Structures are given as structure tokens and as C-alpha cells.
$ cat final28.cif   # mmCIF, C-alpha atoms and all ligand atoms
data_model
loop_
_atom_site.label_atom_id
_atom_site.label_comp_id
_atom_site.auth_asym_id
_atom_site.auth_seq_id
_atom_site.Cartn_x
_atom_site.Cartn_y
_atom_site.Cartn_z
CA MET A 301 13.60 -62.77 -13.37
CA PRO A 302 15.31 -59.89 -15.18
CA GLU A 303 17.12 -60.55 -18.40
CA PRO A 304 20.87 -59.95 -18.62
CA PRO A 305 21.77 -56.31 -19.33
CA ARG A 306 21.37 -55.43 -22.96
CA ARG A 307 24.20 -52.93 -22.98
CA LYS A 308 27.61 -52.70 -21.39
CA ALA A 309 27.93 -50.04 -18.69
CA PRO A 310 29.67 -46.87 -19.94
CA VAL A 311 32.54 -45.32 -18.00
CA PRO A 312 31.02 -42.30 -16.24
CA VAL A 313 32.91 -39.05 -15.77
CA LYS A 314 31.53 -36.07 -13.91
CA ILE A 315 31.93 -32.34 -13.72
CA ILE A 316 30.47 -30.31 -10.87
CA VAL A 317 28.63 -27.05 -11.51
CA ALA A 318 28.71 -25.06 -8.29
CA GLY A 319 27.77 -21.60 -7.06
CA GLY A 320 25.22 -19.67 -5.03
CA PHE A 321 21.46 -19.79 -5.40
CA GLY A 322 20.08 -18.35 -8.62
CA VAL A 323 23.41 -17.87 -10.38
CA GLY A 324 22.45 -20.15 -13.27
CA LYS A 325 23.58 -23.65 -12.32
CA THR A 326 20.40 -25.42 -13.43
CA THR A 327 20.33 -23.30 -16.57
CA THR A 328 23.93 -24.34 -17.29
CA VAL A 329 23.21 -28.04 -16.82
CA GLY A 330 19.99 -27.86 -18.84
CA ALA A 331 21.64 -26.02 -21.74
CA ILE A 332 24.00 -28.89 -22.50
CA SER A 333 22.29 -32.01 -21.11
CA GLU A 334 20.61 -34.48 -23.46
CA ILE A 335 17.94 -35.11 -20.81
CA SER A 336 16.06 -32.34 -19.04
CA PRO A 337 17.73 -31.92 -15.66
CA LEU A 338 16.72 -34.46 -13.01
CA THR A 339 16.86 -33.86 -9.29
CA THR A 340 18.30 -35.98 -6.55
CA GLU A 341 18.48 -35.23 -2.86
CA ALA A 342 21.60 -35.91 -0.88
CA GLU A 343 23.26 -35.09 2.40
CA MET A 344 25.86 -32.40 2.58
CA THR A 345 27.88 -31.38 5.63
CA MET A 346 27.73 -27.63 6.15
CA GLU A 347 29.91 -25.67 8.48
CA SER A 348 28.80 -22.18 9.33
CA VAL A 349 31.64 -19.71 9.48
CA GLY A 350 31.58 -16.76 11.84
CA VAL A 351 31.40 -13.71 9.64
CA ASP A 352 30.49 -11.23 12.33
CA ASP A 353 32.44 -12.96 15.06
CA PRO A 354 35.30 -14.94 13.53
CA GLY A 355 36.38 -16.33 16.88
CA GLN A 356 33.09 -18.08 17.32
CA ALA A 357 33.18 -21.87 17.19
CA SER A 358 31.71 -23.11 13.95
CA ALA A 359 28.84 -25.54 13.94
CA LYS A 360 28.71 -28.55 11.64
CA THR A 361 25.34 -29.61 10.40
CA THR A 362 24.18 -32.15 7.90
CA THR A 363 21.64 -30.82 5.48
CA THR A 364 19.68 -32.45 2.71
CA ILE A 365 20.11 -30.51 -0.48
CA ALA A 366 18.47 -30.87 -3.87
CA MET A 367 20.85 -31.25 -6.74
CA ASP A 368 20.12 -30.99 -10.44
CA PHE A 369 21.98 -33.11 -12.89
CA GLY A 370 22.14 -33.95 -16.55
CA CYS A 371 24.31 -35.95 -18.92
CA VAL A 372 25.95 -36.04 -22.33
CA THR A 373 26.65 -39.38 -24.02
CA ILE A 374 30.12 -39.09 -25.54
CA ASP A 375 29.89 -42.55 -27.13
CA GLN A 376 28.65 -46.01 -26.15
CA THR A 377 31.45 -46.44 -23.65
CA LEU A 378 31.76 -42.96 -22.14
CA LYS A 379 29.18 -40.72 -20.50
CA LEU A 380 29.62 -37.25 -19.01
CA TYR A 381 27.51 -36.28 -16.00
CA LEU A 382 27.02 -32.73 -14.77
CA PHE A 383 25.95 -32.13 -11.19
CA GLY A 384 24.68 -28.74 -10.12
CA THR A 385 25.29 -28.24 -6.44
CA PRO A 386 24.19 -25.28 -4.36
CA GLY A 387 26.55 -23.48 -2.09
CA GLN A 388 25.53 -20.78 0.29
CA SER A 389 27.35 -17.78 1.55
CA ARG A 390 28.29 -18.14 5.24
CA PHE A 391 28.49 -21.91 4.97
CA SER A 392 31.49 -23.85 3.92
CA PHE A 393 30.55 -27.25 2.63
CA MET A 394 32.16 -30.62 2.70
CA TRP A 395 31.02 -33.14 0.26
CA ASP A 396 33.50 -35.85 -0.45
CA ASP A 397 30.97 -38.05 -2.25
CA LEU A 398 30.62 -35.35 -4.83
CA VAL A 399 34.29 -34.62 -5.55
CA ARG A 400 35.52 -38.21 -5.40
CA GLY A 401 36.31 -39.16 -8.98
CA ALA A 402 35.22 -35.78 -10.38
CA LEU A 403 37.16 -34.33 -13.32
CA GLY A 404 36.73 -30.79 -12.14
CA ALA A 405 34.26 -28.05 -11.42
CA LEU A 406 32.77 -24.97 -13.02
CA VAL A 407 32.07 -22.34 -10.37
CA VAL A 408 29.28 -20.15 -11.70
CA VAL A 409 29.40 -16.52 -10.59
CA ASP A 410 26.85 -13.74 -10.81
CA THR A 411 28.82 -10.50 -10.55
CA SER A 412 26.09 -8.81 -8.53
CA ARG A 413 26.68 -11.35 -5.75
CA ILE A 414 30.28 -12.42 -6.07
CA ASP A 415 30.65 -13.63 -2.50
CA ASP A 416 28.05 -16.40 -3.02
CA CYS A 417 30.72 -18.49 -4.69
CA TYR A 418 33.35 -18.27 -1.94
CA PRO A 419 32.42 -21.57 -0.27
CA ALA A 420 32.71 -23.44 -3.57
CA VAL A 421 36.04 -21.83 -4.45
CA ASP A 422 37.39 -22.60 -0.98
CA TYR A 423 36.25 -26.18 -1.06
CA PHE A 424 37.64 -27.02 -4.49
CA GLU A 425 40.92 -25.31 -3.64
CA ARG A 426 41.30 -27.38 -0.49
CA ALA A 427 40.18 -30.58 -2.22
CA GLY A 428 42.76 -30.04 -4.99
CA LEU A 429 40.07 -30.35 -7.64
CA PRO A 430 40.68 -28.51 -10.94
CA PHE A 431 38.16 -25.71 -11.27
CA VAL A 432 37.30 -22.77 -13.48
CA VAL A 433 35.42 -19.63 -12.50
CA GLY A 434 32.65 -19.00 -15.03
CA VAL A 435 31.10 -15.55 -14.88
CA ASN A 436 27.51 -15.84 -16.11
CA THR A 437 26.70 -12.84 -18.26
CA PHE A 438 23.07 -12.20 -17.41
CA ASN A 439 21.71 -10.37 -20.49
CA GLY A 440 25.22 -9.90 -21.78
CA GLN A 441 25.94 -7.65 -18.83
CA LEU A 442 29.02 -8.03 -16.73
CA GLY A 443 28.99 -5.92 -13.57
CA TYR A 444 32.74 -6.23 -13.19
CA ASN A 445 35.43 -7.19 -15.65
CA LEU A 446 37.19 -10.54 -15.38
CA ASP A 447 40.28 -9.07 -13.74
CA GLU A 448 38.16 -7.50 -11.04
CA VAL A 449 36.38 -10.81 -10.43
CA ARG A 450 39.74 -12.60 -10.23
CA TRP A 451 40.98 -10.00 -7.79
CA ALA A 452 37.86 -10.24 -5.63
CA LEU A 453 38.16 -14.02 -5.47
CA THR A 454 41.94 -14.08 -4.94
CA VAL A 455 42.24 -17.30 -6.93
CA ARG A 456 45.64 -18.55 -8.05
CA ASP A 457 46.90 -17.39 -11.45
CA GLU A 458 46.49 -20.91 -12.86
CA VAL A 459 42.74 -20.84 -12.21
CA PRO A 460 41.00 -19.63 -15.37
CA VAL A 461 38.31 -16.97 -14.99
CA VAL A 462 36.08 -17.03 -18.06
CA GLN A 463 32.87 -15.42 -19.20
CA PHE A 464 29.96 -17.48 -20.50
CA ASP A 465 26.21 -17.47 -21.00
CA ALA A 466 24.43 -20.24 -19.10
CA ARG A 467 21.53 -20.25 -21.56
CA PHE A 468 23.53 -21.25 -24.61
CA ARG A 469 24.80 -24.69 -25.33
CA GLY A 470 27.89 -23.62 -27.24
CA SER A 471 28.86 -21.18 -24.53
CA VAL A 472 28.43 -23.80 -21.78
CA ARG A 473 30.39 -26.29 -23.86
CA ASP A 474 33.29 -23.83 -24.23
CA ALA A 475 33.34 -23.21 -20.47
CA LEU A 476 33.35 -26.98 -19.84
CA LEU A 477 36.21 -27.40 -22.31
CA VAL A 478 38.27 -25.04 -20.15
CA VAL A 479 37.47 -27.25 -17.12
CA LEU A 480 38.49 -30.33 -19.12
CA ASP A 481 41.72 -28.64 -20.13
CA GLN A 482 42.54 -28.09 -16.44
CA ALA A 483 41.61 -31.70 -15.70
CA LEU A 484 43.87 -32.92 -18.49
CA ASN A 485 46.79 -30.96 -17.03
CA LYS A 486 46.19 -32.58 -13.65
CA ALA A 487 45.92 -36.07 -15.17
CA LEU A 488 49.19 -35.57 -17.07
CA ARG A 489 50.94 -34.32 -13.92
CA MET A 490 49.68 -37.35 -12.02
CA ARG A 491 51.01 -39.72 -14.66
CA GLN A 492 54.57 -38.36 -14.39
CA MET B 743 29.77 -7.12 1.82
CA ARG B 744 30.99 -4.20 -0.23
CA TYR B 745 32.60 -5.12 -3.51
CA PRO B 746 36.15 -3.94 -3.97
CA ALA B 747 36.68 -1.13 -6.42
CA GLY B 748 39.89 -2.73 -7.62
CA PRO B 749 43.32 -3.89 -6.52
CA ASP B 750 44.35 -0.36 -5.58
CA ASP B 751 41.33 0.39 -3.41
CA PRO B 752 43.00 1.69 -0.23
CA GLU B 753 39.99 1.01 1.97
CA HIS B 754 39.75 -2.63 1.00
CA PRO B 755 43.22 -3.93 0.24
CA ALA B 756 43.63 -7.40 -1.16
CA THR B 757 44.36 -10.17 1.29
CA PRO B 758 45.90 -12.79 -0.95
CA GLY B 759 44.52 -16.24 -0.47
CA VAL B 760 41.96 -15.20 2.09
CA ARG B 761 38.39 -14.61 1.07
CA PRO B 762 36.59 -12.13 3.35
CA PHE B 763 34.46 -14.62 5.23
CA LEU B 764 37.49 -16.64 6.21
CA ARG B 765 39.52 -13.69 7.43
CA GLY B 766 40.71 -14.13 10.98
CA LYS B 767 40.04 -17.83 11.01
CA GLU B 768 42.56 -20.52 11.66
CA ALA B 769 43.77 -22.38 8.61
CA PRO B 770 40.75 -24.20 7.18
CA PRO B 771 40.65 -27.93 7.81
CA ALA B 772 41.92 -30.13 5.02
CA PRO B 773 39.23 -32.13 3.20
CA GLN B 774 38.79 -35.32 5.12
CA GLU B 775 38.45 -38.84 3.99
CA VAL B 776 35.05 -40.21 4.89
CA ALA B 777 34.96 -39.83 8.67
CA PRO B 778 35.17 -43.25 10.36
CA ALA B 779 32.08 -42.54 12.44
CA LEU B 780 30.13 -41.87 9.27
CA ARG B 781 31.18 -45.00 7.45
CA PRO B 782 27.78 -46.51 7.78
CA PHE B 783 26.98 -50.08 8.55
CA VAL B 784 23.39 -50.42 7.82
CA ILE B 785 21.06 -53.11 8.87
CA THR B 786 18.95 -54.14 5.95
CA SER B 787 16.54 -57.04 5.88
CA GLY B 788 18.14 -58.61 8.90
CA ARG B 789 21.65 -58.43 7.42
CA VAL B 790 24.44 -55.95 7.82
CA ALA B 791 25.70 -54.45 4.57
CA ALA B 792 28.62 -52.04 4.46
CA VAL B 793 28.05 -48.99 2.29
CA ASP B 794 30.89 -48.68 -0.19
CA PRO B 795 32.06 -45.03 -0.29
CA ASP B 796 33.46 -45.63 -3.80
CA ILE B 797 29.90 -45.84 -5.07
CA GLY B 798 29.12 -42.33 -6.22
CA LEU B 799 26.28 -40.47 -7.89
CA GLU B 800 27.61 -41.33 -11.35
CA THR B 801 28.40 -45.02 -10.61
CA GLN B 802 26.74 -47.35 -13.12
CA VAL B 803 24.51 -50.17 -11.96
CA SER B 804 23.10 -53.06 -13.97
CA ALA B 805 20.78 -55.92 -13.07
CA LEU B 806 21.99 -59.52 -12.86
CA PRO B 807 19.73 -62.52 -13.45
CA SER B 808 18.70 -63.73 -10.04
CA ALA B 809 16.72 -66.56 -8.52
CA PHE B 810 15.39 -64.63 -5.55
CA TYR B 811 13.94 -61.75 -7.49
CA ALA B 812 10.45 -62.48 -6.12
CA ARG B 813 11.58 -61.95 -2.54
CA LEU B 814 12.67 -58.36 -3.03
CA SER B 815 10.96 -55.42 -1.38
CA PRO B 816 9.05 -53.11 -3.76
CA GLU B 817 11.87 -50.54 -3.64
CA GLN B 818 14.50 -53.16 -4.39
CA ARG B 819 12.46 -54.63 -7.20
CA ALA B 820 11.97 -51.17 -8.70
CA ILE B 821 15.74 -50.65 -8.71
CA VAL B 822 16.44 -54.00 -10.39
CA GLN B 823 13.78 -53.33 -13.02
CA LEU B 824 15.17 -49.87 -13.77
CA CYS B 825 18.67 -51.27 -14.28
CA ARG B 826 17.96 -53.69 -17.15
CA ASP B 827 20.18 -51.26 -19.01
CA PRO B 828 23.01 -49.72 -17.00
CA LEU B 829 21.96 -46.63 -15.06
CA SER B 830 23.69 -44.26 -12.65
CA LEU B 831 22.75 -44.06 -8.98
CA ALA B 832 21.75 -40.45 -9.49
CA GLU B 833 19.25 -41.46 -12.18
CA ILE B 834 17.87 -44.28 -10.03
CA SER B 835 17.50 -41.88 -7.12
CA ALA B 836 15.76 -39.25 -9.27
CA GLN B 837 13.42 -41.64 -11.05
CA LEU B 838 12.34 -43.44 -7.89
CA ARG B 839 12.27 -40.17 -5.90
CA MET B 840 14.51 -41.71 -3.30
CA HIS B 841 17.19 -39.91 -1.33
CA PHE B 842 20.68 -40.66 -2.71
CA GLY B 843 21.81 -42.08 0.65
CA VAL B 844 18.87 -44.48 0.75
CA THR B 845 19.43 -45.47 -2.87
CA ARG B 846 23.07 -46.26 -2.15
CA ILE B 847 22.17 -48.43 0.83
CA LEU B 848 19.64 -50.41 -1.20
CA VAL B 849 22.07 -50.77 -4.11
CA CYS B 850 24.83 -52.04 -1.80
CA ASP B 851 22.43 -54.52 -0.32
CA LEU B 852 21.28 -55.72 -3.73
CA ARG B 853 24.87 -56.10 -4.83
CA ALA B 854 25.68 -58.16 -1.73
CA ALA B 855 22.70 -60.40 -2.53
CA GLY B 856 23.93 -60.91 -6.10
CA HIS B 857 21.13 -59.04 -7.84
CA LEU B 858 23.13 -56.11 -9.15
CA ASP B 859 26.43 -55.50 -10.84
CA VAL B 860 27.90 -52.23 -9.54
CA HIS B 861 30.64 -50.90 -11.80
CA VAL B 862 33.02 -49.30 -9.33
CA LEU B 863 35.94 -47.56 -11.04
CA GLN B 864 39.50 -48.46 -10.13
CA SER B 865 41.18 -45.08 -10.18
CA ASP B 866 40.27 -41.95 -8.29
CA PHE B 867 40.95 -39.54 -11.14
CA PRO B 868 40.29 -40.21 -14.84
CA ASP B 869 43.33 -40.85 -17.02
CA PRO B 870 44.47 -38.43 -19.76
CA ASP B 871 43.11 -40.61 -22.58
CA THR B 872 39.62 -40.62 -21.10
CA ILE B 873 39.71 -36.84 -20.67
CA MET B 874 40.92 -36.41 -24.27
CA ARG B 875 37.98 -38.50 -25.45
CA VAL B 876 35.56 -36.28 -23.52
CA ILE B 877 37.17 -33.18 -25.05
CA ARG B 878 36.96 -34.55 -28.59
CA GLY B 879 33.43 -35.79 -27.95
CA LEU B 880 32.14 -32.45 -26.69
CA ARG B 881 33.76 -30.65 -29.62
CA SER B 882 32.20 -32.96 -32.20
CA ILE B 883 28.80 -33.64 -30.69
CA LEU B 884 27.76 -30.08 -29.91
N1 LIG C 1 18.80 -13.34 -18.51
C1 LIG C 1 19.44 -14.38 -18.02
N2 LIG C 1 18.81 -15.12 -17.10
C2 LIG C 1 19.44 -16.19 -16.60
C3 LIG C 1 20.76 -16.56 -17.00
N3 LIG C 1 21.14 -17.65 -16.29
C4 LIG C 1 20.10 -17.96 -15.50
N4 LIG C 1 19.08 -17.09 -15.67
C5 LIG C 1 17.80 -17.09 -14.94
O1 LIG C 1 18.09 -16.91 -13.57
C6 LIG C 1 17.23 -17.72 -12.79
C7 LIG C 1 18.03 -18.66 -11.90
O2 LIG C 1 18.73 -19.59 -12.70
P1 LIG C 1 18.97 -21.10 -12.24
O3 LIG C 1 19.69 -21.78 -13.34
O4 LIG C 1 17.71 -21.73 -11.77
O5 LIG C 1 19.94 -20.86 -11.01
P2 LIG C 1 20.47 -21.91 -9.92
O6 LIG C 1 19.76 -21.61 -8.64
O7 LIG C 1 21.93 -21.58 -9.81
O8 LIG C 1 20.23 -23.28 -10.43
C8 LIG C 1 16.31 -18.45 -13.74
O9 LIG C 1 15.10 -17.77 -13.82
C9 LIG C 1 17.07 -18.40 -15.05
O10 LIG C 1 16.18 -18.44 -16.15
C10 LIG C 1 21.41 -15.74 -17.99
O11 LIG C 1 22.54 -15.96 -18.40
N5 LIG C 1 20.69 -14.67 -18.45
MG MG C 2 19.11 -24.79 -9.48
#
$ encode --input "final28.cif" --output "C-alpha cells"
Amino acid sequence: MPEPPRRKAPVPVKIIVAGGFGVGKTTTVGAISEISPLTTEAEMTMESVGVDDPGQASAKTTTTIAMDFGCVTIDQTLKLYLFGTPGQSRFSFMWDDLVRGALGALVVVDTSRIDDCYPAVDYFERAGLPFVVGVNTFNGQLGYNLDEVRWALTVRDEVPVVQFDARFRGSVRDALLVVLDQALNKALRMRQ
Amino acid sequence: MRYPAGPDDPEHPATPGVRPFLRGKEAPPAPQEVAPALRPFVITSGRVAAVDPDIGLETQVSALPSAFYARLSPEQRAIVQLCRDPLSLAEISAQLRMHFGVTRILVCDLRAAGHLDVHVLQSDFPDPDTIMRVIRGLRSIL
């Protein structure tokens, strides 16, 4: 028979780290997490969108995806979780389990493949989840400036587009603080 | 795709609000609540347990003292043993190398049988005070 729990359960909060393959999501999570990133597999509903033939009916499929996550203990009663979720160009994804209760999202962008992040941007926009576009500066290099990235993504003016380095803790923290700032604005609006 | 040269690029003018791969499509569907057909009723150990959609990846689970501990399946016992201290579903899933969906079914079943305490949160979006604490925490910890 197990003993009673030794600790009280903390309140969990979560931030989603989204973007295409190889843009630096796992690196981002690993840079700030107090545990090395773990992996869980989960179902995600994908809808292919007709790029070549937009009139084409889209097909919905359920796919198992691997997701990396990590955490930061804020104090004994509060714990921040970060979930890195892949998106793929040509597929829009629906994943209500993931956004339910989430504070917000950091959409990681590699400027050499900007369009990889479209599905994530579209989904968070539609879901009304606060999000920030974080341009990962691979080797300090930025293929396009932040205004050009904003223009290419056609995100609303309120959506911050920031630059960060996925390998460095302080840089990831600063990007997450921008997400939290957006989340705080939403929470204050909701309270009114 | 070709990347735009800038807002004034005459060949590739901006289409506000429409990313290239969505161009020409009908308005995208609004995010749905969990589709009724997907709300799973799962038969587990001869019983039917409803999967609670409010149980997410981050939801905390802790073990309760229980008389029927010995009757659990190996997977169920592993979950109860892992949760002596509160643990998230994501961590349970990762440590036991079990699909999140399977983990959630087993956790729901264990909760129904009185073996687990599942700490489902009341509100959908965190309140400003909680967010402020995360902000202050991140600033001071790192
Ligand atoms: N030089 C450099 N490499 C990076 C950076 N971010 C990620 N990488 C590398 O890019 C590759 C893909 O990163 P990963 O985090 O696994 O991408 P994911 O698929 O989005 O999770 C890995 O080999 C990383 O080490 C960065 O800012 N600079
Ligand atoms: Mg990864």
C-alpha cells in the first residue's frame, strides 16, 4: 500500500514551444529546463491544406507525434512546464489538449525556412492563445530583419516578434518573459 | 516558396491576414471543443471509465492509500508507485514510455477506483496573480 503523498501538488502552468522541424524547439526547452528534456508521444489531428490545388478537399488524419518537454520549479506551489511541439508546413494542426489551460506559446522561427511556422501561427491565432514569434539566431545570423519576418508572417501588430538564441538560458528566459507579458495582458482583460 | 523581398515587392504583394498556404481557401474552421465522437468512453478492466478532457499533459497526479493496490495491473501499479510525490501526466508518460492517450486512460481509471488524486484545475486560463508569480520567479531563479 502506498504511503500518503509527501508533498502537496504544485499548480502547473504551461507554455508551448512550437515551430517546424529543426528550428530549435528542443534546444529552447533544454536551455531553460531543470531536467533534461523528456519525450512523450501523443495524438495530434493534422489537416493537409492544398497548396498546389487550393480547391482540393483537405484530409484530416490523426498522427502520433513525439513531443519534448521540460520544467522549471518556480516555488513549492508553482511549476512551469514547456512543451515543444512540431508543426509541419502543409499541415494545419488541431490540438486542443495542448492549448487548453496554456499560458501562451513561443513560435520558433528559422529565417531560412520561415513558412515552416505558418501552421503554428495560424492555430494559435484561431485558438486565441497569446503567442510571440521568436526568431532563432543560428550563429548570431539573421537572414531577414524582424520587420521583414513580421511582414512575411502577417501577424497582428500586437504580436511581438523578437530575436533570441535557443542555446542560451538567459535568452530563452527573456523570450518566455515576453510570452508571459502577453499572457498577463490576456488575464487582466479577462478579469475586467 | 520564395521569400518576399519586402512590403514593397511588386511581384509578391502582402495579403494581410492570409499566409500563402491558406490563400484561396475558405475561412479556416474555428478551433473546436473536443469533438463529441472523440470523447472517448473506454472499457478498462470490465468497467467503463470516461476520459476527462480537463486532464492535460501538465495535470498533477498523486497516489492515495488504497486497499486494492495488489489487484492492479503492472502498468497501473507502476503509475501509482511513480506518484508517491505529485507528478504530471507528461512525466508519467515519458518515464513509463507510454503514449499520453494510454496514460490518461489508465489515470482516469485509477482515479475512478480511488487510487489516485488527480488535481484538475478549475479555471481554463491562469489568473493574473499566478502569471505575475511565474514572471517574478523566472526573473529571480535564472
Ligand atoms: N548554431 C546553432 N545551432 C542551433 C541553434 N538552435 C538549434 N541549433 C541546432 O539545430 C539542430 C536542431 O535543433 P532542435 O532543437 O533539435 O530543433 P527542433 O527539431 O525544433 O527540436 C540541433 O542540432 C541544434 O543543436 C542555434 O541557435 N544556433
Ligand atoms: Mg525537437
$ atom_distance --input "final28.cif" --atom1 "CA of Arg307 in chain A" --atom2 "CA of Tyr811 in chain B"
20.6 Å
$ residues_near_ligand --input "final28.cif" --ligand "ligand MG 2 (chain C)" --cutoff "7 Å" --atoms "all atoms listed in the file" --output "PDB file with C-alpha atoms, in the frame of the given file"
ATOM      1  CA  PHE A 321      21.460 -19.790  -5.400  1.00  0.00           C
ATOM      2  CA  GLY A 322      20.080 -18.350  -8.620  1.00  0.00           C
ATOM      3  CA  GLY A 324      22.450 -20.150 -13.270  1.00  0.00           C
ATOM      4  CA  LYS A 325      23.580 -23.650 -12.320  1.00  0.00           C
ATOM      5  CA  THR A 326      20.400 -25.420 -13.430  1.00  0.00           C
ATOM      6  CA  ASP A 368      20.120 -30.990 -10.440  1.00  0.00           C
ATOM      7  CA  GLY A 384      24.680 -28.740 -10.120  1.00  0.00           C
TER       8      GLY A 384
END
$ atom_distance --input "final28.cif" --atom1 "CA of Gln376 in chain A" --atom2 "CA of Leu480 in chain A"
19.8 Å
$ closest_residue --input "final28.cif" --among "A:Ile374, A:Ala359, A:Leu406, A:Val459" --to "chain B" --atoms "all atoms listed in the file"
A:Ile374
$ closest_atom_pairs --input "final28.cif" --of "chain A" --to "ligand LIG 1 (chain C)" --cutoff "7 Å" --atoms "only C-alpha atoms and all ligand atoms" --output "JSON lines"
{"residue": "A:Gly319", "atom": "CA", "partner": "C:LIG1", "partner_atom": "O7", "distance": 6.5}
{"residue": "A:Gly320", "atom": "CA", "partner": "C:LIG1", "partner_atom": "O7", "distance": 6.1}
{"residue": "A:Phe321", "atom": "CA", "partner": "C:LIG1", "partner_atom": "O6", "distance": 4.1}
{"residue": "A:Gly322", "atom": "CA", "partner": "C:LIG1", "partner_atom": "O6", "distance": 3.3}
{"residue": "A:Val323", "atom": "CA", "partner": "C:LIG1", "partner_atom": "O7", "distance": 4.0}
{"residue": "A:Gly324", "atom": "CA", "partner": "C:LIG1", "partner_atom": "O3", "distance": 3.2}
{"residue": "A:Lys325", "atom": "CA", "partner": "C:LIG1", "partner_atom": "O7", "distance": 3.6}
{"residue": "A:Thr326", "atom": "CA", "partner": "C:LIG1", "partner_atom": "O8", "distance": 3.7}
{"residue": "A:Thr327", "atom": "CA", "partner": "C:LIG1", "partner_atom": "O3", "distance": 3.6}
{"residue": "A:Thr328", "atom": "CA", "partner": "C:LIG1", "partner_atom": "O3", "distance": 6.3}
{"residue": "A:Pro386", "atom": "CA", "partner": "C:LIG1", "partner_atom": "O7", "distance": 7.0}
{"residue": "A:Asn436", "atom": "CA", "partner": "C:LIG1", "partner_atom": "O11", "distance": 5.5}
{"residue": "A:Thr437", "atom": "CA", "partner": "C:LIG1", "partner_atom": "O11", "distance": 5.2}
{"residue": "A:Phe438", "atom": "CA", "partner": "C:LIG1", "partner_atom": "N5", "distance": 3.6}
{"residue": "A:Asn439", "atom": "CA", "partner": "C:LIG1", "partner_atom": "N1", "distance": 4.6}
{"residue": "A:Asp465", "atom": "CA", "partner": "C:LIG1", "partner_atom": "O11", "distance": 4.7}
{"residue": "A:Ala466", "atom": "CA", "partner": "C:LIG1", "partner_atom": "O11", "distance": 4.7}
{"residue": "A:Arg467", "atom": "CA", "partner": "C:LIG1", "partner_atom": "O11", "distance": 5.4}
$ residues_around --input "final28.cif" --residues "range 814-830 of chain B" --least-positions-apart "2" --cutoff "6 Å" --atoms "only C-alpha atoms" --output "PyMOL selection string"
(chain A and resi 305-307+309) or (chain B and resi 800-805+811-812+832-833)
$ closest_residue --input "final28.cif" --among "B:Ala854, B:Ile797, B:Ile847, B:Ala792" --to "chain A" --atoms "all atoms listed in the file"
B:Ile797
$ closest_residue --input "final28.cif" --among "B:Val844, B:Val793, B:Leu806, B:Leu852" --to "Ala342 in chain A" --atoms "all atoms listed in the file"
B:Val844
$ atom_distance --input "final28.cif" --atom1 "CA of Met874 in chain B" --atom2 "CA of Arg426 in chain A"
25.4 Å
$ closest_residue --input "final28.cif" --among "A:Leu477, A:Leu429, A:Leu442, A:Met346" --to "chain B" --atoms "only C-alpha atoms"
A:Leu477
$ axis_aligned_box --input "final28.cif" --around "range 814-830 of chain B" --padding-each-side "4 Å" --output "JSON"
{"center_x": 16.4, "center_y": -51.3, "center_z": -10.2, "size_x": 22.6, "size_y": 22.1, "size_z": 25.6}
$ closest_residue --input "final28.cif" --among "A:Leu378, A:Val461, A:Ile365, A:Ala427" --to "Arg878 in chain B" --atoms "all atoms listed in the file"
A:Leu378
$ closest_residue --input "final28.cif" --among "B:Leu831, B:His841, B:Arg846, B:Asp871" --to "chain A" --atoms "all atoms listed in the file"
B:His841
$ residues_around --input "final28.cif" --residues "Pro870 in chain B" --least-positions-apart "5" --cutoff "10 Å" --atoms "only C-alpha atoms" --output "ChimeraX atom specification"
/A:483-491 /B:875-876
